[in-house]
$ cat my_file27.txt   # compact mmCIF, C-alpha atoms
# COMPACT_ATOMS: atom_id res chain seq x y z
CA SER A 612 18.86 3.83 9.01
CA ALA A 613 18.61 6.10 12.04
CA ARG A 614 20.51 3.60 14.17
CA HIS A 615 23.42 3.33 11.72
CA THR A 616 23.61 7.13 11.40
CA HIS A 617 23.70 7.38 15.19
CA TYR A 618 26.57 4.87 15.35
CA ARG A 619 28.64 6.73 12.72
CA ARG A 620 28.23 10.09 14.44
CA ARG A 621 29.22 8.75 17.86
CA ARG A 622 32.27 6.97 16.47
CA ALA A 623 33.31 10.12 14.65
CA ALA A 624 33.03 12.04 17.96
CA GLY A 625 35.14 9.43 19.75
CA ARG A 626 32.26 8.29 21.97
CA PRO A 627 30.93 4.76 22.47
CA ALA A 628 28.45 3.86 19.78
CA GLU A 629 25.63 2.97 22.18
CA TRP A 630 22.07 3.11 20.94
CA ARG A 631 19.36 4.20 23.32
CA SER A 632 15.77 5.32 23.01
CA HIS A 633 15.14 9.03 23.63
CA SER A 634 11.64 8.37 24.93
CA ARG A 635 12.80 7.10 28.34
CA PRO A 636 15.69 7.87 30.73
CA ARG A 637 18.68 5.69 30.19
CA HIS A 638 18.44 3.95 33.56
CA GLN A 639 14.91 2.75 32.68
CA LEU A 640 15.95 0.96 29.51
CA HIS A 641 15.49 -2.80 29.59
CA GLY A 642 18.81 -4.56 30.00
CA ARG A 643 20.84 -1.36 30.51
CA VAL A 644 21.82 0.53 33.62
CA ALA A 645 23.41 3.97 33.60
CA THR A 646 26.55 4.58 35.59
CA GLY A 647 25.74 5.43 39.18
CA VAL A 648 22.14 4.15 39.01
CA PRO A 649 21.77 1.11 41.30
CA GLN A 650 20.28 -2.03 39.83
CA GLN A 651 17.08 -3.32 41.34
CA PRO A 652 17.54 -6.90 42.51
CA ARG A 653 15.69 -9.41 40.37
CA THR A 654 13.04 -11.43 42.14
CA PRO A 655 13.94 -15.10 41.72
CA ALA A 656 11.19 -17.46 40.66
CA PRO A 657 12.49 -20.90 41.53
CA ARG A 658 10.37 -23.91 40.71
CA ALA A 659 9.56 -24.63 44.33
CA GLN A 660 8.38 -21.11 45.14
CA ALA A 661 4.80 -21.51 43.85
CA ILE A 662 4.66 -25.10 45.03
CA MET A 663 5.63 -24.34 48.62
CA SER A 664 2.90 -21.74 48.85
CA LEU A 665 0.31 -24.51 48.60
CA GLY A 666 2.00 -26.51 51.32
CA PHE A 667 1.01 -30.02 50.24
CA VAL A 668 4.60 -31.25 50.25
CA ASP A 669 6.87 -31.35 53.27
CA HIS A 670 10.06 -30.12 51.67
CA SER A 671 12.19 -31.26 54.60
CA THR A 672 11.26 -34.90 53.91
CA GLY A 673 10.03 -34.76 50.33
CA GLU A 674 6.77 -36.46 51.34
CA LEU A 675 3.17 -35.36 51.03
CA VAL A 676 1.68 -33.56 53.99
CA PRO A 677 -0.86 -36.08 55.40
CA VAL A 678 -4.56 -35.37 55.01
CA GLN A 679 -7.29 -36.78 57.22
CA ARG A 680 -9.24 -39.02 54.87
CA LYS A 681 -12.98 -38.92 55.30
CA PRO A 682 -14.65 -42.24 56.17
CA LYS A 683 -16.43 -43.91 53.28
CA ALA A 684 -20.20 -43.86 53.19
CA PRO A 685 -21.96 -47.22 53.60
CA SER A 686 -23.54 -48.69 50.50
CA GLY A 687 -27.02 -47.30 49.95
CA GLY A 688 -28.51 -50.05 47.80
CA ALA A 689 -30.37 -49.22 44.58
CA HIS A 690 -31.23 -45.60 43.88
CA PRO A 691 -34.89 -44.49 43.79
CA PRO A 692 -36.66 -43.65 40.51
CA MET A 693 -35.79 -40.30 38.93
CA ALA A 694 -38.25 -37.49 39.47
CA GLY A 695 -38.21 -36.65 35.75
CA THR A 696 -36.89 -37.98 32.47
CA ARG A 697 -33.33 -36.82 33.16
CA LEU A 698 -31.07 -36.78 36.19
CA ARG A 699 -31.18 -33.49 38.07
CA ALA A 700 -28.35 -31.79 39.94
CA LYS A 701 -30.06 -32.16 43.30
CA GLU A 702 -30.69 -35.86 42.68
CA ALA A 703 -27.06 -36.38 41.64
CA ALA A 704 -25.76 -34.83 44.86
CA GLU A 705 -28.25 -36.74 47.03
CA TRP A 706 -27.62 -40.09 45.35
CA ALA A 707 -23.85 -39.63 45.49
CA ALA A 708 -24.07 -38.80 49.20
CA ALA A 709 -26.32 -41.85 49.76
CA ASN A 710 -23.73 -43.99 47.90
CA HIS A 711 -26.26 -46.00 45.90
CA ASP A 712 -24.68 -49.15 44.48
CA ASP A 713 -26.09 -48.77 40.97
CA PHE A 714 -25.34 -45.04 40.64
CA THR A 715 -21.99 -45.11 38.84
CA LYS A 716 -22.12 -42.20 36.37
CA ILE A 717 -23.01 -38.51 36.68
CA ASP A 718 -23.56 -36.74 33.37
CA LEU A 719 -25.08 -33.26 33.59
CA SER A 720 -23.18 -31.68 30.71
CA GLY A 721 -24.85 -28.82 28.90
CA ARG A 722 -27.76 -28.43 31.30
CA ALA A 723 -29.34 -25.00 31.33
CA MET A 724 -30.59 -25.11 34.93
CA PHE A 725 -27.26 -25.77 36.59
CA ASN A 726 -24.81 -23.58 38.50
CA SER A 727 -21.50 -23.76 40.32
CA ALA A 728 -23.19 -24.33 43.69
CA ASP A 729 -24.75 -27.53 42.31
CA ALA A 730 -21.36 -28.75 41.14
CA VAL A 731 -19.73 -28.00 44.50
CA ALA A 732 -22.47 -30.01 46.25
CA ILE A 733 -21.78 -32.96 43.94
CA ALA A 734 -18.03 -32.74 44.55
CA GLN A 735 -18.54 -32.72 48.31
CA ALA A 736 -20.87 -35.72 48.11
CA LEU A 737 -18.30 -37.64 46.08
CA GLU A 738 -15.68 -37.31 48.81
CA THR A 739 -17.20 -40.29 50.64
CA ASN A 740 -18.76 -42.08 47.65
CA THR A 741 -17.41 -45.48 46.57
CA HIS A 742 -19.45 -46.28 43.43
CA VAL A 743 -19.47 -43.31 41.03
CA GLU A 744 -16.78 -43.84 38.37
CA GLU A 745 -17.51 -41.10 35.83
CA VAL A 746 -18.36 -37.41 36.29
CA HIS A 747 -19.21 -35.26 33.25
CA LEU A 748 -19.88 -31.56 33.89
CA ALA A 749 -18.99 -29.99 30.53
CA GLY A 750 -20.33 -26.74 29.12
CA LEU A 751 -21.88 -25.42 32.32
CA GLY A 752 -19.94 -22.19 32.87
CA LEU A 753 -18.49 -23.56 36.10
CA LEU A 754 -16.18 -21.27 38.06
CA THR A 755 -12.86 -21.83 39.78
CA SER A 756 -14.66 -22.60 43.06
CA VAL A 757 -15.88 -25.83 41.47
CA ALA A 758 -12.34 -26.87 40.54
CA VAL A 759 -11.24 -26.18 44.12
CA ALA A 760 -14.05 -28.44 45.38
CA PHE A 761 -13.08 -31.21 42.97
CA GLY A 762 -9.44 -30.83 43.97
CA GLU A 763 -10.50 -31.52 47.54
CA MET A 764 -12.67 -34.40 46.35
CA LEU A 765 -9.67 -36.03 44.68
CA LYS A 766 -7.87 -36.17 48.03
CA HIS A 767 -10.59 -38.44 49.46
CA ASN A 768 -12.38 -40.24 46.63
CA GLU A 769 -11.25 -43.70 45.53
CA SER A 770 -13.76 -44.53 42.79
CA VAL A 771 -13.91 -41.76 40.16
CA LYS A 772 -11.86 -42.70 37.08
CA VAL A 773 -13.12 -40.07 34.61
CA LEU A 774 -13.56 -36.36 35.36
CA ASN A 775 -14.77 -34.11 32.53
CA LEU A 776 -14.79 -30.35 33.20
CA GLU A 777 -14.56 -29.24 29.57
CA ASN A 778 -15.78 -25.84 28.35
CA ASN A 779 -16.11 -24.05 31.68
CA LYS A 780 -14.54 -20.96 33.27
CA ILE A 781 -11.86 -22.57 35.40
CA THR A 782 -8.77 -20.42 35.85
CA ASN A 783 -5.18 -20.95 36.93
CA ASP A 784 -6.04 -21.30 40.64
CA GLY A 785 -8.61 -23.97 39.87
CA ILE A 786 -6.13 -26.01 37.84
CA ALA A 787 -3.62 -25.72 40.69
CA ALA A 788 -6.23 -27.01 43.17
CA ILE A 789 -6.99 -30.00 40.95
CA ALA A 790 -3.27 -30.68 40.57
CA GLU A 791 -2.81 -30.66 44.34
CA GLY A 792 -5.66 -33.14 44.70
CA LEU A 793 -4.05 -35.41 42.11
CA ALA A 794 -0.98 -35.75 44.32
CA TYR A 795 -3.12 -37.68 46.82
CA ASN A 796 -5.24 -39.58 44.28
CA ASP A 797 -4.67 -43.11 43.00
CA THR A 798 -7.87 -43.66 41.01
CA LEU A 799 -8.47 -40.96 38.39
CA GLU A 800 -7.31 -41.98 34.91
CA GLN A 801 -8.87 -39.42 32.54
CA LEU A 802 -9.06 -35.66 33.13
CA THR A 803 -10.62 -33.33 30.53
CA LEU A 804 -10.03 -29.58 30.74
CA PHE A 805 -10.51 -28.41 27.15
CA LYS A 806 -11.87 -24.86 26.67
CA ASN A 807 -11.01 -23.50 30.11
CA LYS A 808 -8.51 -20.75 30.81
CA GLU A 809 -5.03 -21.96 29.93
CA PRO A 810 -3.14 -22.49 33.20
CA GLY A 811 -0.19 -20.31 34.08
CA GLN A 812 3.29 -21.33 35.11
CA SER A 813 2.47 -21.64 38.80
CA ALA A 814 -0.34 -24.17 38.26
CA LEU A 815 1.76 -26.20 35.85
CA GLU A 816 4.62 -26.34 38.34
CA VAL A 817 2.20 -27.75 40.90
CA LEU A 818 0.98 -30.35 38.40
CA VAL A 819 4.51 -31.43 37.52
CA LEU A 820 5.28 -31.95 41.19
CA ALA A 821 1.96 -33.72 41.83
CA LEU A 822 2.78 -36.23 39.11
CA ASP A 823 5.88 -37.18 41.08
CA PHE A 824 3.40 -38.77 43.50
CA ASN A 825 0.50 -39.70 41.21
CA THR A 826 1.14 -42.84 39.17
CA ARG A 827 -2.44 -43.48 38.05
CA LEU A 828 -3.46 -40.56 35.81
CA LEU A 829 -3.10 -41.61 32.16
CA ASN A 830 -4.44 -38.71 30.10
CA ILE A 831 -5.14 -34.98 30.46
CA ASN A 832 -7.26 -33.71 27.58
CA TRP A 833 -6.54 -30.00 27.08
CA ARG A 834 -4.70 -27.57 24.85
CA LEU A 835 -1.42 -26.49 26.40
CA THR A 836 1.19 -24.23 24.81
CA SER A 837 3.63 -24.08 27.72
CA ARG A 838 6.96 -25.91 27.60
CA GLN A 839 5.88 -27.62 30.80
CA SER A 840 3.76 -29.85 28.55
CA PHE A 841 6.88 -31.92 27.81
CA ALA A 842 7.49 -32.67 31.49
CA ILE A 843 3.80 -33.43 32.06
CA ASN A 844 3.55 -35.75 29.05
CA LYS A 845 6.70 -37.56 30.14
CA LYS A 846 5.15 -38.39 33.50
CA LEU A 847 1.86 -39.49 31.91
CA ILE A 848 3.77 -41.82 29.59
CA ARG A 849 5.52 -43.21 32.68
CA ASN A 850 2.14 -43.91 34.27
CA LYS A 851 0.96 -45.76 31.14
CA GLU A 852 4.11 -47.87 31.21
CA LEU A 853 3.60 -48.63 34.90
CA LEU A 854 0.06 -49.81 34.14
CA ARG A 855 1.30 -52.00 31.30
CA LEU A 856 3.95 -53.60 33.49
CA LYS A 857 1.47 -54.21 36.32
CA LYS A 858 -0.97 -55.92 33.95
CA ALA A 859 1.88 -58.11 32.72
CA GLY A 860 2.83 -58.99 36.29
CA ARG A 861 6.27 -57.45 35.97
CA ASP A 862 8.33 -55.43 38.43
CA THR A 863 7.67 -51.68 38.41
CA SER A 864 9.99 -50.50 41.18
CA HIS A 865 12.50 -49.04 38.71
CA LEU A 866 9.83 -46.66 37.33
CA ASP A 867 7.63 -45.98 40.34
CA PRO A 868 8.64 -42.70 42.08
CA ASN A 869 6.76 -43.76 45.21
CA ALA A 870 8.81 -46.95 45.36
CA HIS A 871 11.98 -44.86 45.05
CA ARG A 872 10.95 -42.68 47.99
CA ALA A 873 10.01 -45.72 50.06
CA ALA A 874 13.39 -47.29 49.36
CA ARG A 875 15.19 -44.12 50.46
CA SER A 876 13.19 -43.41 53.59
CA GLY A 877 11.78 -46.78 54.60
CA ASP A 878 15.00 -48.55 55.56
CA GLY A 879 15.12 -47.03 59.02
CA GLY A 880 11.45 -47.58 59.69
CA GLY A 881 11.60 -51.09 58.31
CA SER A 882 14.49 -52.10 60.55
CA GLY A 883 12.66 -50.64 63.55
CA ASP A 884 9.55 -52.67 62.77
CA GLU A 885 11.60 -55.81 62.35
CA GLY A 886 13.25 -55.17 65.67
CA GLY A 887 9.86 -54.82 67.34
CA ASP A 888 8.69 -58.10 65.83
CA GLY A 889 11.82 -59.82 67.01
CA GLY A 890 11.17 -58.57 70.53
CA ASP A 891 7.74 -60.18 70.48
$ encode --input "my_file27.txt" --output "structure tokens"
Amino acid sequence: SARHTHYRRRRAAGRPAEWRSHSRPRHQLHGRVATGVPQQPRTPAPRAQAIMSLGFVDHSTGELVPVQRKPKAPSGGAHPPMAGTRLRAKEAAEWAAANHDDFTKIDLSGRAMFNSADAVAIAQALETNTHVEEVHLAGLGLLTSVAVAFGEMLKHNESVKVLNLENNKITNDGIAAIAEGLAYNDTLEQLTLFKNKEPGQSALEVLVLALDFNTRLLNINWRLTSRQSFAINKKLIRNKELLRLKKAGRDTSHLDPNAHRAARSGDGGGSGDEGGDGGD
């Protein structure tokens, strides 16, 4: 081959048998640097770099940055009759904001007359809702702005257990926003993200960190090819085991990451509270 012929000729001439492409200067070759050409410093990409940019974790303490939870809406009684034969987007947002007791499921999947602005309105209404348990918005062409709104919703909502955003146009930034919301959420159990853009490394790093705080999410339905899937699945399996132990009335402190953090940081605060009680 040409490479072997090149090696033989250079050895015969008493020169190092180094192969290089003739289409680019030597100092531009990947993995090789010519003598006298300074190397460009490599930009490190540590795990925390993407995470810290979102700022939802105080890395000096290892705790979540507090968010001001929105007050829950008062119960709105039974919802009024639907204007048509099927629930409409405007009705869904209004009923969720009114917090009707018997309005527990929003399913608008596959609707033709639906857009991202409708979905954002529903997400914002759910921030203070206490009765809706399932939200299905599949096949609507929803954009990343919707995922950002639902990520914010997850920081406040305490009732939604199922969130289905399958077959939309949510990108890496949207997945990262949802992951950040999951760090504050203790209710959602099922998240479906099939047929969206596959998240990049930065969003997956955020999700891995968020699952160090979230112990409730049980399943994420999506297709993921990244190696981060192993770390994510491991934490989801932990959450399922925590749920099993809680149902059996057994101790979960050895598995619960939140209990571990409380044990590390709560000793000082606990002794201070005890001292205050003793003073009374």
$ residues_around --input "my_file27.txt" --residues "Leu675 (chain A)" --least-positions-apart "5" --cutoff "12 Å" --atoms "only C-alpha atoms" --output "VMD selection string"
chain A and resid 662 to 663 665 to 670 766 791 to 796 820 to 825 869 872
$ closest_residue --input "my_file27.txt" --among "A:Glu809, A:Glu674, A:Asp713, A:Asp867" --to "Asn740 (chain A)" --atoms "only C-alpha atoms"
A:Asp713
$ atom_distance --input "my_file27.txt" --atom1 "CA of Lys681 (chain A)" --atom2 "CA of Leu748 (chain A)"
23.7 Å
$ atom_distance --input "my_file27.txt" --atom1 "CA of Leu776 (chain A)" --atom2 "CA of Lys857 (chain A)"
29.0 Å
$ closest_residue --input "my_file27.txt" --among "A:Ser770, A:Lys858, A:Leu853, A:Thr672" --to "Ala870 (chain A)" --atoms "all atoms listed in the file"
A:Leu853
$ closest_residue --input "my_file27.txt" --among "A:Gln679, A:Thr739, A:Asn775, A:Ser671" --to "Asp718 (chain A)" --atoms "only C-alpha atoms"
A:Asn775
$ atom_distance --input "my_file27.txt" --atom1 "CA of Leu698 (chain A)" --atom2 "CA of Val731 (chain A)"
16.6 Å
$ closest_residue --input "my_file27.txt" --among "A:Ile786, A:Ala874, A:Leu774, A:Leu856" --to "Leu828 (chain A)" --atoms "all atoms listed in the file"
A:Leu774
$ closest_residue --input "my_file27.txt" --among "A:Val757, A:Leu854, A:Ile831, A:Ala859" --to "Leu818 (chain A)" --atoms "all atoms listed in the file"
A:Ile831
$ closest_residue --input "my_file27.txt" --among "A:Gly688, A:Gly752, A:Gly785, A:Gly721" --to "Trp706 (chain A)" --atoms "all atoms listed in the file"
A:Gly688
$ residues_around --input "my_file27.txt" --residues "Asn710 (chain A)" --least-positions-apart "2" --cutoff "9 Å" --atoms "only C-alpha atoms" --output "list of chain:residue names"
A:Ala684, A:Pro685, A:Ser686, A:Gly687, A:Gly688, A:His690, A:Glu705, A:Trp706, A:Ala707, A:Ala708, A:Asp712, A:Asp713, A:Phe714, A:Ala736, A:Leu737, A:Thr739, A:Asn740, A:Thr741, A:His742, A:Val743
$ residues_around --input "my_file27.txt" --residues "Leu802 (chain A)" --least-positions-apart "5" --cutoff "12 Å" --atoms "all atoms listed in the file" --output "list in words"
Glu745, Val746, His747, Leu748, Ala749, Ala758, Phe761, Gly762, Leu765, Val771, Lys772, Val773, Leu774, Asn775, Leu776, Glu777, Ile786, Ile789, Ala790, Leu793, Arg827, Leu828, Leu829, Asn830, Ile831, Asn832, Trp833 and Leu847 of chain A
$ build_atoms --input "my_file27.txt" --residues "region 667-684 of chain A" --atoms "N, CA and C atoms" --output "mmCIF file, keeping the file's coordinate frame"
data_model
loop_
_atom_site.group_PDB
_atom_site.id
_atom_site.type_symbol
_atom_site.label_atom_id
_atom_site.label_comp_id
_atom_site.auth_asym_id
_atom_site.auth_seq_id
_atom_site.Cartn_x
_atom_site.Cartn_y
_atom_site.Cartn_z
ATOM 1 N N PHE A 667 1.413 -28.621 50.189
ATOM 2 C CA PHE A 667 1.010 -30.020 50.240
ATOM 3 C C PHE A 667 2.202 -30.972 50.240
ATOM 4 N N VAL A 668 3.397 -30.434 50.171
ATOM 5 C CA VAL A 668 4.600 -31.250 50.250
ATOM 6 C C VAL A 668 5.470 -30.755 51.392
ATOM 7 N N ASP A 669 5.920 -31.679 52.213
ATOM 8 C CA ASP A 669 6.870 -31.350 53.270
ATOM 9 C C ASP A 669 8.260 -31.368 52.649
ATOM 10 N N HIS A 670 8.810 -30.188 52.413
ATOM 11 C CA HIS A 670 10.060 -30.120 51.670
ATOM 12 C C HIS A 670 11.265 -30.535 52.506
ATOM 13 N N SER A 671 11.089 -30.737 53.793
ATOM 14 C CA SER A 671 12.190 -31.260 54.600
ATOM 15 C C SER A 671 12.342 -32.770 54.428
ATOM 16 N N THR A 672 11.234 -33.442 54.094
ATOM 17 C CA THR A 672 11.260 -34.900 53.910
ATOM 18 C C THR A 672 10.975 -35.317 52.475
ATOM 19 N N GLY A 673 10.396 -34.407 51.684
ATOM 20 C CA GLY A 673 10.030 -34.760 50.330
ATOM 21 C C GLY A 673 8.747 -35.566 50.236
ATOM 22 N N GLU A 674 8.004 -35.677 51.321
ATOM 23 C CA GLU A 674 6.770 -36.460 51.340
ATOM 24 C C GLU A 674 5.553 -35.544 51.339
ATOM 25 N N LEU A 675 4.416 -36.107 50.977
ATOM 26 C CA LEU A 675 3.170 -35.360 51.030
ATOM 27 C C LEU A 675 2.783 -35.062 52.467
ATOM 28 N N VAL A 676 2.234 -33.886 52.688
ATOM 29 C CA VAL A 676 1.680 -33.560 53.990
ATOM 30 C C VAL A 676 0.417 -34.412 54.171
ATOM 31 N N PRO A 677 0.302 -35.186 55.244
ATOM 32 C CA PRO A 677 -0.860 -36.080 55.400
ATOM 33 C C PRO A 677 -2.170 -35.307 55.456
ATOM 34 N N VAL A 678 -3.212 -35.911 54.905
ATOM 35 C CA VAL A 678 -4.560 -35.370 55.010
ATOM 36 C C VAL A 678 -5.430 -36.393 55.745
ATOM 37 N N GLN A 679 -6.378 -35.899 56.488
ATOM 38 C CA GLN A 679 -7.290 -36.780 57.220
ATOM 39 C C GLN A 679 -8.376 -37.252 56.258
ATOM 40 N N ARG A 680 -8.263 -38.494 55.813
ATOM 41 C CA ARG A 680 -9.240 -39.020 54.870
ATOM 42 C C ARG A 680 -10.602 -39.179 55.518
ATOM 43 N N LYS A 681 -11.624 -38.788 54.778
ATOM 44 C CA LYS A 681 -12.980 -38.920 55.300
ATOM 45 C C LYS A 681 -13.443 -40.368 55.205
ATOM 46 N N PRO A 682 -14.175 -40.856 56.206
ATOM 47 C CA PRO A 682 -14.650 -42.240 56.170
ATOM 48 C C PRO A 682 -15.624 -42.442 55.014
ATOM 49 N N LYS A 683 -15.569 -43.613 54.414
ATOM 50 C CA LYS A 683 -16.430 -43.910 53.280
ATOM 51 C C LYS A 683 -17.872 -44.128 53.729
ATOM 52 N N ALA A 684 -18.782 -43.683 52.891
ATOM 53 C CA ALA A 684 -20.200 -43.860 53.190
ATOM 54 C C ALA A 684 -20.588 -45.316 52.996
#
